[in-house]
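Trainee: First the structure, which I've put down as structure tokens, then a few questions once you've had a look.
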Amino acid sequence: MHSVKLYCYQKNRSVAYLECPFEEPYLNIVKAIPYSQWQIGPVDRLKIKNTPDLLPVIFKVFKHVAWVNIDRYLTARDPVHESKNTRKYLKKLVYLKYSKATILTYMYFFRLFDIHFKEKIDQLTQEEVEDFLLFTSKQRNYVSSTTNQMINAINFYYTQVIQDERIPFFLRRAKKMPTLPKVLTKQEVRLVLSRTLNLKHRLILSLIYSAGLRVGEVLKLKIKDVDFERCTLNITASKNNKSRTTIFSRNLVTDLKKYLSVYRPNVFLFEGFYQRPYSATSVRSILKKSLKKAHIKQTGITVHTLRHSFATHLLESGVNLRYIQKLLGHSNISTTQIYTHVTTQKLIDITNPLDYPI
């Protein structure tokens, strides 16, 4: 997948620039970006008015088309029209090294909150905040998980940004309907992998499954993180900036070495254009095509399903839950225990009362 770059300058943050080729399909795609005009020169770029809702627009128009590099945009983005609260909020998120995805989500919800209350934001009561949450959730038809993201974003302001001890409340997250993760059988996993003919694509899916990785973790894997002798991976770019060591299949060693000699990645194990990490959108597309080729029509199967399947299959093989917790990088054992509700191996071994001899 191609890459485009979004950035702005500290001296004039009211304007943003998007570097991308002055050619199709970009010429047609960028028509959906308001307040923009082309600047053709040594570097072709689009000059854009830096509005509060620019990021959602950019990600929407380039979805499935190009990976958007926003590193310089996040660090420089501080438009003059934004409030002091919003600037402090973004600065704290960047300082604490939150992921780009979390920054985008938190900033979106906090802007809604800040625009709604304006200068009154530091004198709110718990009832006022809860009324805002209820109104916004109903108006936008948010599911409980989206409402919880909004609550997390607001809590972050009070607990991390201003750290005001006078704030007497901490917002409780909405209850979610209990759901069990979906998993594939071992046979289905092997079938999906066998239908993934491209070596690079097959190795991406194979590592996610055999090491129990999140999609972000496999994309940030570096060549130096792979220990071929011990068949382990050193995961340093994990959720909440935690590190761990996990395993991968010895059957992948030969293919991995072949892949390195053929593709010759520079830093990251799986690189796209311009030696950047492969995109999550591309990985989802790979899995979708392989599921179709394998004639697996089960709904709700995502890349994360491979991670769930890894944990479930280990549990069914008799691996201790504590070891599975460490391999997955869960902080709390209760998170790992959900797989005890998914596995069917022990249920199969139970003799049904109706089958007892009379």
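The chains in the structure tokens are called A, B, ... from first to last as shown; in each chain the residues are counted from 1, and the ligands are counted from 1 in the order shown.
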Near Arg250 of chain A, counting only C-alpha atoms, which residues have an atom at most 9 Å away, once you skip same-chain residues fewer than 3 positions from it, shown as a PyMOL selection string?
Mentor: chain A and resi 228+230-231+253-254
Trainee: Each residue of segment 54-159 of chain A lying at most 12 Å from segment 263-275 of chain A should get a row with its shortest atom-to-atom pair and the distance in Å to one decimal, counting only C-alpha atoms; could you produce that, ordered by chain and increasing number, as JSON lines?
Mentor:
```
{"residue": "A:Ala66", "atom": "CA", "partner": "A:Phe273", "partner_atom": "CA", "distance": 10.1}
{"residue": "A:Trp67", "atom": "CA", "partner": "A:Phe273", "partner_atom": "CA", "distance": 9.5}
{"residue": "A:Val68", "atom": "CA", "partner": "A:Phe273", "partner_atom": "CA", "distance": 11.9}
{"residue": "A:Asn69", "atom": "CA", "partner": "A:Tyr274", "partner_atom": "CA", "distance": 11.4}
```
Trainee: Hey, could you make a per-residue contact list for segment 243-271 of chain A against segment 299-319 of chain A with 12 Å as the cut-off, showing the nearest pair of atoms and its distance in Å to one decimal, counting only C-alpha atoms, sorted by chain and number, as CSV?
Mentor:
```
residue,atom,partner,partner_atom,distance
A:Thr246,CA,A:Phe310,CA,11.7
A:Ile247,CA,A:Phe310,CA,11.0
A:Phe248,CA,A:Phe310,CA,10.6
A:Ser249,CA,A:Phe310,CA,11.4
```
Trainee: Skipping near chain neighbours, those fewer than 3 positions away, what residues fall within 12 Å of Leu112 of chain A using only C-alpha atoms, listed as a ChimeraX atom specification?
Mentor: /A:52-53,82-83,86,105-109,115-118,121,132-133,135-137,140,150-151,153-154
Trainee: From a backbone DSSP assignment, name each residue in segment 17-212 of chain A labelled strand (DSSP E), as a list in words.
Mentor: Tyr17, Leu18, Glu19, Ser36, Gln37, Trp38, Gln39, Arg45, Leu46, Lys47, Ile48, Lys49, Ala66, Trp67, Val68 and Asn69 of chain A
Trainee: If you measure from atom CA of Thr343 of chain A to atom CA of Leu287 of chain A, what distance in Å do you get, rounded to one decimal?
Mentor: 22.8 Å
Trainee: Apply DSSP to the structure's backbone, then extract all residues of segment 110-357 of chain A labelled alpha helix (DSSP H) and return them as a ChimeraX atom specification.
Mentor: /A:110-117,126-140,144-156,186-194,199-211,215-219,253-263,280-293,303-316,321-328,333-336,345-349
Trainee: Can you pull out the residues contacting Arg202 of chain A? Cut-off 10 Å, using only C-alpha atoms, and skip same-chain residues under 4 positions away; I want them as an mmCIF file with C-alpha atoms, in the first residue's frame.
Mentor:
```cif
data_model
loop_
_atom_site.group_PDB
_atom_site.id
_atom_site.type_symbol
_atom_site.label_atom_id
_atom_site.label_comp_id
_atom_site.auth_asym_id
_atom_site.auth_seq_id
_atom_site.Cartn_x
_atom_site.Cartn_y
_atom_site.Cartn_z
ATOM 1 C CA VAL A 192 -6.705 -20.363 5.811
ATOM 2 C CA LEU A 193 -2.902 -20.397 5.860
ATOM 3 C CA SER A 194 -2.734 -22.929 3.025
ATOM 4 C CA ARG A 195 -4.927 -20.650 0.900
ATOM 5 C CA THR A 196 -2.586 -17.703 1.515
ATOM 6 C CA LEU A 197 -0.145 -18.293 -1.333
ATOM 7 C CA ASN A 198 1.990 -15.156 -1.069
ATOM 8 C CA SER A 206 1.157 -17.388 10.634
ATOM 9 C CA LEU A 207 3.066 -15.253 13.134
ATOM 10 C CA ASP A 255 10.069 -19.726 5.444
ATOM 11 C CA ILE A 286 -5.179 -10.509 3.312
ATOM 12 C CA LEU A 287 -7.228 -12.401 5.884
ATOM 13 C CA SER A 290 -7.898 -16.074 2.475
#
```
Trainee: Nearest residue to Leu219 of chain A out of A:Ser243, A:Gln187, A:Thr146, A:Thr281, using only C-alpha atoms?
Mentor: A:Thr281
Trainee: Could you give me, as a ChimeraX atom specification, the residues within 9 Å of Val65 of chain A, counting only C-alpha atoms and dropping anything in the same chain fewer than 4 positions from it?
Mentor: /A:1-3,25-26,61
Trainee: Could you give me, as a PyMOL selection string, the residues within 8 Å of Val283 of chain A, counting only C-alpha atoms and dropping anything in the same chain fewer than 3 positions from it?
Mentor: chain A and resi 201+204-205+215+278-280+286-287+303
Trainee: Suppose you want the space between atom CA of Glu19 of chain A and atom CA of Ser282 of chain A; what is it in Å?
Mentor: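 The value is 20.8 Å.
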